[in-house]
Amino acid sequence: MDHDDDEFQGVYVMRPPIDDAGLHLRVVGGLEWDRGIRIIRGDEVPDQPLVLERSSGHEERTFLTTEEHPLLLISLEAARELKAAEVTGWASFPTRISGDRMLTDRYTGFAVTGRCGPILDTLSRPVKTEGFRGTDTVMRGLLFDPASRSTAGIWMPANAAVLFADERVRELFAGRGFDDVEFVLATEANNVVAKPPRRRPALP
């Protein structure tokens, strides 16, 4: 399947910051990977608050990451802005930070209910890059069938825990000071799963 970049204009991969300074949590007692996926995709809503505890880091961010990646918490301030702007494709679920009432009152679980079709590796393109190991080839573009996209402002593909957002969400976050969240054009995001095409052997 070929694609036209214009079909993905204003489509971004939304990336919460992941670094050593950012506050990182873990679910008390652990969480099965499959259940974490169901929760972040909104396919399961915990009937009791999901209890987490501090794991590492200390800086509070718009999103708090967890050891049960891709499970996320969002600040209530950011959640209120999304709701006020009537951004669709997301939902909250109850959480509690063990031993930290103030942090509990500032964050809630974040689930993505908007959908599109699967990431299509065939739409990614090989790009030469220079690194400390010399020239390498990466596959550029996290893309899907544009016709499969819902009308939501935030969504996930059918086969991966990737957060997509539209231009309005990017502008909302930038305008409200939630600038620790990275927005990368879907056409420019690296596809780490897709394999670069093999070189054909030179003809004798």
# chains A, B, ... in the order shown; residues from 1 in each chain; ligands from 1
>>> closest_atom_pairs(of="range 34-129 of chain A", to="range 140-163 of chain A", cutoff="9 Å", atoms="only C-alpha atoms", output="tab-separated table")
residue	atom	partner	partner_atom	distance
A:Ile37	CA	A:Ala161	CA	7.6
A:Ile40	CA	A:Ala161	CA	8.2
A:Arg41	CA	A:Met156	CA	7.6
A:Pro70	CA	A:Ala161	CA	6.7
A:Val87	CA	A:Gly153	CA	5.6
A:Thr88	CA	A:Ala152	CA	5.0
A:Gly89	CA	A:Ala152	CA	4.7
A:Trp90	CA	A:Ile154	CA	6.4
A:Val112	CA	A:Trp155	CA	6.0
A:Thr113	CA	A:Trp155	CA	6.4
A:Gly114	CA	A:Trp155	CA	3.9
A:Arg115	CA	A:Trp155	CA	4.9
A:Cys116	CA	A:Arg149	CA	4.1
A:Gly117	CA	A:Ser148	CA	5.1
A:Pro118	CA	A:Ala158	CA	4.6
A:Ile119	CA	A:Phe144	CA	4.8
A:Leu120	CA	A:Phe144	CA	5.3
A:Asp121	CA	A:Leu143	CA	7.6
A:Thr122	CA	A:Leu143	CA	8.9
A:Leu123	CA	A:Leu143	CA	6.3
A:Ser124	CA	A:Gly141	CA	4.7
A:Arg125	CA	A:Arg140	CA	5.2
A:Pro126	CA	A:Arg140	CA	6.2
A:Val127	CA	A:Arg140	CA	6.5
>>> residues_around(residues="Ala79 in chain A", least_positions_apart="6", cutoff="10 Å", atoms="only C-alpha atoms", output="PyMOL selection string")
chain A and resi 62+73+85+87+90-92+107-110
>>> residues_around(residues="range 9-17 of chain A", least_positions_apart="6", cutoff="9 Å", atoms="only C-alpha atoms", output="compact mmCIF listing (two decimals) with all heavy atoms, in the first residue's frame")
# COMPACT_ATOMS: atom_id res chain seq x y z
N ARG A 61 5.59 15.16 36.11
CA ARG A 61 5.42 15.54 34.71
C ARG A 61 3.94 15.49 34.33
O ARG A 61 3.09 15.09 35.13
CB ARG A 61 6.22 14.57 33.82
CG ARG A 61 7.70 14.48 34.19
CD ARG A 61 8.44 15.75 33.81
NE ARG A 61 9.82 15.77 34.25
CZ ARG A 61 10.83 15.15 33.65
NH1 ARG A 61 10.60 14.42 32.58
NH2 ARG A 61 12.06 15.25 34.12
N THR A 62 3.65 15.90 33.11
CA THR A 62 2.27 15.83 32.62
C THR A 62 1.76 14.39 32.67
O THR A 62 0.63 14.13 33.09
CB THR A 62 2.18 16.37 31.18
OG1 THR A 62 2.68 17.72 31.15
CG2 THR A 62 0.74 16.36 30.68
N PHE A 63 2.61 13.47 32.25
CA PHE A 63 2.32 12.05 32.37
C PHE A 63 3.34 11.41 33.30
O PHE A 63 4.52 11.75 33.24
CB PHE A 63 2.40 11.34 31.01
CG PHE A 63 1.27 11.64 30.07
CD1 PHE A 63 1.41 12.61 29.09
CD2 PHE A 63 0.07 10.95 30.15
CE1 PHE A 63 0.38 12.89 28.20
CE2 PHE A 63 -0.97 11.22 29.27
CZ PHE A 63 -0.82 12.19 28.29
N LEU A 64 2.88 10.50 34.14
CA LEU A 64 3.79 9.69 34.93
C LEU A 64 3.89 8.32 34.29
O LEU A 64 2.87 7.69 33.98
CB LEU A 64 3.30 9.55 36.37
CG LEU A 64 3.18 10.85 37.19
CD1 LEU A 64 2.80 10.52 38.63
CD2 LEU A 64 4.46 11.67 37.14
N THR A 65 5.11 7.87 34.07
CA THR A 65 5.33 6.56 33.47
C THR A 65 5.41 5.49 34.57
O THR A 65 5.55 5.81 35.75
CB THR A 65 6.63 6.56 32.66
OG1 THR A 65 7.72 6.98 33.50
CG2 THR A 65 6.52 7.53 31.48
N LEU A 72 0.04 4.48 31.94
CA LEU A 72 0.34 5.89 32.21
C LEU A 72 -0.66 6.50 33.17
O LEU A 72 -1.81 6.08 33.24
CB LEU A 72 0.29 6.71 30.91
CG LEU A 72 1.32 6.42 29.82
CD1 LEU A 72 0.94 7.17 28.55
CD2 LEU A 72 2.72 6.84 30.28
N LEU A 142 5.53 5.91 11.28
CA LEU A 142 4.61 5.03 12.00
C LEU A 142 3.22 5.32 11.42
O LEU A 142 2.54 6.25 11.85
CB LEU A 142 4.64 5.32 13.51
CG LEU A 142 5.75 4.64 14.29
CD1 LEU A 142 5.78 5.15 15.74
CD2 LEU A 142 5.59 3.12 14.28
N ILE A 154 -7.34 11.63 20.15
CA ILE A 154 -6.26 10.77 20.64
C ILE A 154 -6.66 9.34 20.31
O ILE A 154 -7.81 8.95 20.52
CB ILE A 154 -6.07 10.94 22.16
CG1 ILE A 154 -5.65 12.38 22.50
CG2 ILE A 154 -5.02 9.96 22.71
CD1 ILE A 154 -5.59 12.68 23.99
N VAL A 162 0.97 2.58 20.79
CA VAL A 162 1.49 3.87 20.32
C VAL A 162 0.39 4.90 20.49
O VAL A 162 -0.76 4.65 20.14
CB VAL A 162 1.93 3.79 18.85
CG1 VAL A 162 2.38 5.15 18.34
CG2 VAL A 162 3.03 2.76 18.67
N LEU A 163 0.74 6.07 21.03
CA LEU A 163 -0.24 7.13 21.22
C LEU A 163 -0.18 8.09 20.03
O LEU A 163 0.88 8.66 19.75
CB LEU A 163 0.04 7.92 22.50
CG LEU A 163 -0.53 7.38 23.81
CD1 LEU A 163 0.12 6.05 24.17
CD2 LEU A 163 -0.32 8.37 24.94
N PHE A 164 -1.31 8.23 19.33
CA PHE A 164 -1.42 9.22 18.27
C PHE A 164 -2.29 10.37 18.75
O PHE A 164 -3.19 10.19 19.58
CB PHE A 164 -2.06 8.61 17.02
CG PHE A 164 -1.17 7.68 16.25
CD1 PHE A 164 -1.40 6.32 16.25
CD2 PHE A 164 -0.10 8.17 15.52
CE1 PHE A 164 -0.59 5.45 15.54
CE2 PHE A 164 0.72 7.32 14.80
CZ PHE A 164 0.48 5.95 14.81
N ALA A 165 -2.03 11.56 18.23
CA ALA A 165 -2.85 12.73 18.56
C ALA A 165 -2.91 13.64 17.34
O ALA A 165 -2.04 13.60 16.47
CB ALA A 165 -2.25 13.49 19.75
N ASP A 166 -3.96 14.47 17.30
CA ASP A 166 -4.08 15.38 16.17
C ASP A 166 -3.49 16.75 16.51
O ASP A 166 -3.00 16.99 17.61
CB ASP A 166 -5.54 15.49 15.71
CG ASP A 166 -6.48 16.05 16.78
OD1 ASP A 166 -5.99 16.65 17.76
OD2 ASP A 166 -7.71 15.90 16.62
N GLU A 167 -3.55 17.63 15.53
CA GLU A 167 -2.94 18.96 15.67
C GLU A 167 -3.55 19.74 16.83
O GLU A 167 -2.85 20.47 17.54
CB GLU A 167 -3.12 19.74 14.36
CG GLU A 167 -2.48 21.12 14.36
CD GLU A 167 -0.97 21.06 14.34
OE1 GLU A 167 -0.41 20.24 13.59
OE2 GLU A 167 -0.34 21.84 15.08
N ARG A 168 -4.84 19.57 17.04
CA ARG A 168 -5.50 20.33 18.11
C ARG A 168 -4.96 19.94 19.48
O ARG A 168 -4.78 20.81 20.35
CB ARG A 168 -7.01 20.10 18.05
CG ARG A 168 -7.82 21.05 18.92
CD ARG A 168 -9.28 21.03 18.49
NE ARG A 168 -9.92 19.77 18.78
CZ ARG A 168 -10.72 19.59 19.84
NH1 ARG A 168 -10.95 20.58 20.68
NH2 ARG A 168 -11.30 18.43 20.04
N ARG A 170 -1.92 18.75 20.06
CA ARG A 170 -0.55 19.29 20.15
C ARG A 170 -0.59 20.77 20.52
O ARG A 170 0.16 21.23 21.40
CB ARG A 170 0.18 19.11 18.82
CG ARG A 170 1.66 19.50 18.87
CD ARG A 170 2.27 19.56 17.49
NE ARG A 170 1.77 20.70 16.75
CZ ARG A 170 2.23 21.94 16.87
NH1 ARG A 170 3.20 22.22 17.72
NH2 ARG A 170 1.72 22.92 16.15
N ASP A 180 6.40 19.22 28.24
CA ASP A 180 7.30 18.09 28.43
C ASP A 180 6.87 16.87 27.62
O ASP A 180 7.56 15.86 27.59
CB ASP A 180 7.40 17.72 29.92
CG ASP A 180 6.04 17.39 30.54
OD1 ASP A 180 5.01 17.65 29.90
OD2 ASP A 180 6.02 16.91 31.69
N VAL A 181 5.72 16.97 26.95
CA VAL A 181 5.25 15.89 26.09
C VAL A 181 5.73 16.17 24.67
O VAL A 181 5.55 17.26 24.15
CB VAL A 181 3.71 15.77 26.13
CG1 VAL A 181 3.24 14.64 25.23
CG2 VAL A 181 3.24 15.55 27.56
N GLU A 182 6.35 15.17 24.05
CA GLU A 182 6.89 15.33 22.71
C GLU A 182 5.86 14.92 21.66
O GLU A 182 5.19 13.89 21.82
CB GLU A 182 8.16 14.48 22.55
CG GLU A 182 8.84 14.63 21.21
CD GLU A 182 10.06 13.74 21.08
OE1 GLU A 182 10.22 12.81 21.90
OE2 GLU A 182 10.85 13.97 20.14
N PHE A 183 5.75 15.71 20.62
CA PHE A 183 4.87 15.39 19.49
C PHE A 183 5.73 15.29 18.24
O PHE A 183 6.38 16.27 17.84
CB PHE A 183 3.80 16.46 19.31
CG PHE A 183 2.74 16.46 20.38
CD1 PHE A 183 2.96 17.11 21.58
CD2 PHE A 183 1.54 15.80 20.19
CE1 PHE A 183 2.00 17.12 22.59
CE2 PHE A 183 0.57 15.79 21.18
CZ PHE A 183 0.80 16.45 22.38
N VAL A 184 5.75 14.12 17.63
CA VAL A 184 6.54 13.88 16.43
C VAL A 184 5.59 13.51 15.30
O VAL A 184 4.71 12.65 15.47
CB VAL A 184 7.55 12.72 16.64
CG1 VAL A 184 8.38 12.47 15.39
CG2 VAL A 184 8.45 13.01 17.84
N LEU A 185 5.74 14.16 14.15
CA LEU A 185 4.90 13.82 13.01
C LEU A 185 4.99 12.32 12.73
O LEU A 185 6.08 11.74 12.74
CB LEU A 185 5.33 14.60 11.78
CG LEU A 185 4.87 16.06 11.71
CD1 LEU A 185 5.62 16.80 10.60
CD2 LEU A 185 3.37 16.15 11.48
N ALA A 186 3.85 11.70 12.52
CA ALA A 186 3.82 10.25 12.30
C ALA A 186 4.69 9.85 11.12
O ALA A 186 5.30 8.77 11.11
CB ALA A 186 2.39 9.78 12.09
N THR A 187 4.79 10.72 10.13
CA THR A 187 5.62 10.42 8.95
C THR A 187 7.10 10.47 9.26
O THR A 187 7.91 9.94 8.50
CB THR A 187 5.31 11.41 7.81
OG1 THR A 187 5.45 12.75 8.31
CG2 THR A 187 3.91 11.20 7.27
N ALA A 189 8.35 9.70 12.56
CA ALA A 189 8.67 8.85 13.71
C ALA A 189 9.31 7.56 13.23
O ALA A 189 8.92 6.99 12.21
CB ALA A 189 7.39 8.56 14.50
>>> select_by_dssp(residues="chain A", states="strand (DSSP E or B)", output="number ranges by chain")
A: 11-15, 22, 24-27, 50-56, 59, 63-66, 72-75, 90-93, 95-97, 107-112, 115-116, 125-131, 134-140, 154-157, 164-166, 182-185, 190
>>> select_by_dssp(residues="range 56-181 of chain A", states="helix (DSSP H, G or I)", output="list of chain:residue names")
A:Leu76, A:Glu77, A:Ala78, A:Ala79, A:Arg80, A:Glu81, A:Leu82, A:Lys83, A:Ala84, A:Arg101, A:Met102, A:Leu103, A:Thr104, A:Asp121, A:Thr122, A:Leu123, A:Pro146, A:Ala147, A:Ser148, A:Glu167, A:Arg168, A:Val169, A:Arg170, A:Glu171, A:Leu172, A:Phe173, A:Ala174, A:Gly175
>>> write_last_selection(atoms="C-alpha atoms", output="compact mmCIF listing (two decimals), in the first residue's frame")
# COMPACT_ATOMS: atom_id res chain seq x y z
CA LEU A 76 -5.60 16.14 36.62
CA GLU A 77 -4.72 19.59 35.31
CA ALA A 78 -4.02 18.19 31.84
CA ALA A 79 -7.06 15.91 32.03
CA ARG A 80 -9.29 18.90 32.82
CA GLU A 81 -7.91 20.80 29.82
CA LEU A 82 -8.58 17.85 27.50
CA LYS A 83 -12.10 17.55 28.83
CA ALA A 84 -12.77 21.30 28.57
CA ARG A 101 -2.25 11.57 49.30
CA MET A 102 -1.09 14.79 47.61
CA LEU A 103 0.18 12.92 44.55
CA THR A 104 -2.98 10.81 44.46
CA ASP A 121 5.40 -1.61 8.25
CA THR A 122 5.17 -1.52 4.46
CA LEU A 123 4.42 2.22 4.65
CA PRO A 146 -5.86 6.56 6.89
CA ALA A 147 -9.38 5.26 6.20
CA SER A 148 -9.24 3.21 9.42
CA GLU A 167 -2.94 18.96 15.67
CA ARG A 168 -5.50 20.33 18.11
CA VAL A 169 -4.12 18.23 20.96
CA ARG A 170 -0.55 19.29 20.15
CA GLU A 171 -1.56 22.96 20.16
CA LEU A 172 -3.55 22.50 23.38
CA PHE A 173 -0.60 20.98 25.23
CA ALA A 174 1.79 23.64 23.94
CA GLY A 175 -0.60 26.48 24.76
>>> closest_residue(among="A:Leu71, A:Ile97, A:Ala21, A:Leu31", to="Glu53 in chain A", atoms="only C-alpha atoms")
A:Ile97
>>> atom_distance(atom1="CA of Ser98 in chain A", atom2="CA of His24 in chain A")
13.3 Å
>>> residues_around(residues="Asp100 in chain A", least_positions_apart="4", cutoff="12 Å", atoms="only C-alpha atoms", output="PyMOL selection string")
chain A and resi 51-54+95-96+104-107
>>> write_last_selection(atoms="all heavy atoms", output="PDB file, in the first residue's frame")
ATOM      1  N   VAL A  51      -3.505   0.665  42.660  1.00  0.00           N
ATOM      2  CA  VAL A  51      -2.579   1.199  43.659  1.00  0.00           C
ATOM      3  C   VAL A  51      -1.150   1.122  43.130  1.00  0.00           C
ATOM      4  O   VAL A  51      -0.677   0.049  42.730  1.00  0.00           O
ATOM      5  CB  VAL A  51      -2.689   0.437  44.992  1.00  0.00           C
ATOM      6  CG1 VAL A  51      -1.750   1.046  46.032  1.00  0.00           C
ATOM      7  CG2 VAL A  51      -4.129   0.464  45.504  1.00  0.00           C
ATOM      8  N   LEU A  52      -0.479   2.266  43.133  1.00  0.00           N
ATOM      9  CA  LEU A  52       0.898   2.352  42.672  1.00  0.00           C
ATOM     10  C   LEU A  52       1.775   2.927  43.771  1.00  0.00           C
ATOM     11  O   LEU A  52       1.277   3.482  44.755  1.00  0.00           O
ATOM     12  CB  LEU A  52       1.005   3.206  41.411  1.00  0.00           C
ATOM     13  CG  LEU A  52       0.158   2.761  40.213  1.00  0.00           C
ATOM     14  CD1 LEU A  52      -1.104   3.602  40.115  1.00  0.00           C
ATOM     15  CD2 LEU A  52       0.948   2.853  38.917  1.00  0.00           C
ATOM     16  N   GLU A  53       3.078   2.825  43.588  1.00  0.00           N
ATOM     17  CA  GLU A  53       4.029   3.413  44.521  1.00  0.00           C
ATOM     18  C   GLU A  53       5.203   3.982  43.731  1.00  0.00           C
ATOM     19  O   GLU A  53       5.416   3.621  42.569  1.00  0.00           O
ATOM     20  CB  GLU A  53       4.518   2.365  45.521  1.00  0.00           C
ATOM     21  CG  GLU A  53       5.237   1.185  44.882  1.00  0.00           C
ATOM     22  CD  GLU A  53       5.559   0.090  45.872  1.00  0.00           C
ATOM     23  OE1 GLU A  53       5.257   0.272  47.068  1.00  0.00           O
ATOM     24  OE2 GLU A  53       6.119  -0.950  45.462  1.00  0.00           O
ATOM     25  N   ARG A  54       5.943   4.868  44.377  1.00  0.00           N
ATOM     26  CA  ARG A  54       7.099   5.461  43.718  1.00  0.00           C
ATOM     27  C   ARG A  54       8.145   4.384  43.437  1.00  0.00           C
ATOM     28  O   ARG A  54       8.407   3.518  44.266  1.00  0.00           O
ATOM     29  CB  ARG A  54       7.707   6.549  44.601  1.00  0.00           C
ATOM     30  CG  ARG A  54       6.829   7.795  44.739  1.00  0.00           C
ATOM     31  CD  ARG A  54       7.417   8.753  45.755  1.00  0.00           C
ATOM     32  NE  ARG A  54       6.612   9.953  45.900  1.00  0.00           N
ATOM     33  CZ  ARG A  54       6.861  11.110  45.294  1.00  0.00           C
ATOM     34  NH1 ARG A  54       7.913  11.198  44.478  1.00  0.00           N
ATOM     35  NH2 ARG A  54       6.092  12.166  45.478  1.00  0.00           N
ATOM     36  N   THR A  95      -6.912   5.730  40.362  1.00  0.00           N
ATOM     37  CA  THR A  95      -5.610   5.273  40.844  1.00  0.00           C
ATOM     38  C   THR A  95      -5.357   5.836  42.233  1.00  0.00           C
ATOM     39  O   THR A  95      -5.997   6.807  42.654  1.00  0.00           O
ATOM     40  CB  THR A  95      -4.469   5.739  39.911  1.00  0.00           C
ATOM     41  OG1 THR A  95      -4.504   7.172  39.786  1.00  0.00           O
ATOM     42  CG2 THR A  95      -4.587   5.119  38.527  1.00  0.00           C
ATOM     43  N   ARG A  96      -4.417   5.226  42.922  1.00  0.00           N
ATOM     44  CA  ARG A  96      -3.998   5.728  44.227  1.00  0.00           C
ATOM     45  C   ARG A  96      -2.503   5.505  44.371  1.00  0.00           C
ATOM     46  O   ARG A  96      -2.010   4.425  44.046  1.00  0.00           O
ATOM     47  CB  ARG A  96      -4.748   5.023  45.353  1.00  0.00           C
ATOM     48  CG  ARG A  96      -4.336   5.485  46.756  1.00  0.00           C
ATOM     49  CD  ARG A  96      -5.309   4.988  47.818  1.00  0.00           C
ATOM     50  NE  ARG A  96      -5.357   3.539  47.928  1.00  0.00           N
ATOM     51  CZ  ARG A  96      -4.490   2.808  48.655  1.00  0.00           C
ATOM     52  NH1 ARG A  96      -3.505   3.402  49.304  1.00  0.00           N
ATOM     53  NH2 ARG A  96      -4.617   1.491  48.714  1.00  0.00           N
ATOM     54  N   THR A 104      -1.731  11.467  44.856  1.00  0.00           N
ATOM     55  CA  THR A 104      -2.981  10.812  44.462  1.00  0.00           C
ATOM     56  C   THR A 104      -3.996  11.835  43.983  1.00  0.00           C
ATOM     57  O   THR A 104      -4.711  11.608  42.993  1.00  0.00           O
ATOM     58  CB  THR A 104      -3.564  10.016  45.648  1.00  0.00           C
ATOM     59  OG1 THR A 104      -2.666   8.945  45.981  1.00  0.00           O
ATOM     60  CG2 THR A 104      -4.931   9.434  45.310  1.00  0.00           C
ATOM     61  N   ASP A 105      -4.039  12.986  44.662  1.00  0.00           N
ATOM     62  CA  ASP A 105      -5.017  14.021  44.312  1.00  0.00           C
ATOM     63  C   ASP A 105      -4.653  14.782  43.055  1.00  0.00           C
ATOM     64  O   ASP A 105      -5.451  15.575  42.556  1.00  0.00           O
ATOM     65  CB  ASP A 105      -5.170  15.004  45.480  1.00  0.00           C
ATOM     66  CG  ASP A 105      -5.866  14.382  46.681  1.00  0.00           C
ATOM     67  OD1 ASP A 105      -6.509  13.339  46.503  1.00  0.00           O
ATOM     68  OD2 ASP A 105      -5.747  14.934  47.789  1.00  0.00           O
ATOM     69  N   ARG A 106      -3.446  14.570  42.524  1.00  0.00           N
ATOM     70  CA  ARG A 106      -3.006  15.323  41.347  1.00  0.00           C
ATOM     71  C   ARG A 106      -2.958  14.499  40.068  1.00  0.00           C
ATOM     72  O   ARG A 106      -2.737  15.049  38.987  1.00  0.00           O
ATOM     73  CB  ARG A 106      -1.628  15.949  41.607  1.00  0.00           C
ATOM     74  CG  ARG A 106      -1.651  17.077  42.611  1.00  0.00           C
ATOM     75  CD  ARG A 106      -0.400  17.943  42.519  1.00  0.00           C
ATOM     76  NE  ARG A 106       0.801  17.238  42.925  1.00  0.00           N
ATOM     77  CZ  ARG A 106       1.266  17.206  44.171  1.00  0.00           C
ATOM     78  NH1 ARG A 106       0.601  17.814  45.142  1.00  0.00           N
ATOM     79  NH2 ARG A 106       2.379  16.557  44.456  1.00  0.00           N
ATOM     80  N   TYR A 107      -3.154  13.187  40.173  1.00  0.00           N
ATOM     81  CA  TYR A 107      -3.034  12.330  38.984  1.00  0.00           C
ATOM     82  C   TYR A 107      -4.171  11.319  38.922  1.00  0.00           C
ATOM     83  O   TYR A 107      -4.773  10.971  39.932  1.00  0.00           O
ATOM     84  CB  TYR A 107      -1.690  11.588  38.978  1.00  0.00           C
ATOM     85  CG  TYR A 107      -0.524  12.484  38.620  1.00  0.00           C
ATOM     86  CD1 TYR A 107       0.140  13.205  39.611  1.00  0.00           C
ATOM     87  CD2 TYR A 107      -0.111  12.640  37.302  1.00  0.00           C
ATOM     88  CE1 TYR A 107       1.196  14.047  39.290  1.00  0.00           C
ATOM     89  CE2 TYR A 107       0.937  13.473  36.972  1.00  0.00           C
ATOM     90  CZ  TYR A 107       1.587  14.176  37.967  1.00  0.00           C
ATOM     91  OH  TYR A 107       2.616  15.017  37.643  1.00  0.00           O
TER      92      TYR A 107
END
>>> closest_residue(among="A:Ser75, A:Ser56, A:Glu188, A:Met139", to="Ile18 in chain A", atoms="only C-alpha atoms")
A:Ser56
>>> atom_distance(atom1="CA of Gly29 in chain A", atom2="CA of Leu50 in chain A")
10.5 Å
>>> residues_around(residues="Gly57 in chain A", least_positions_apart="2", cutoff="8 Å", atoms="only C-alpha atoms", output="PyMOL selection string")
chain A and resi 20-24+55+59
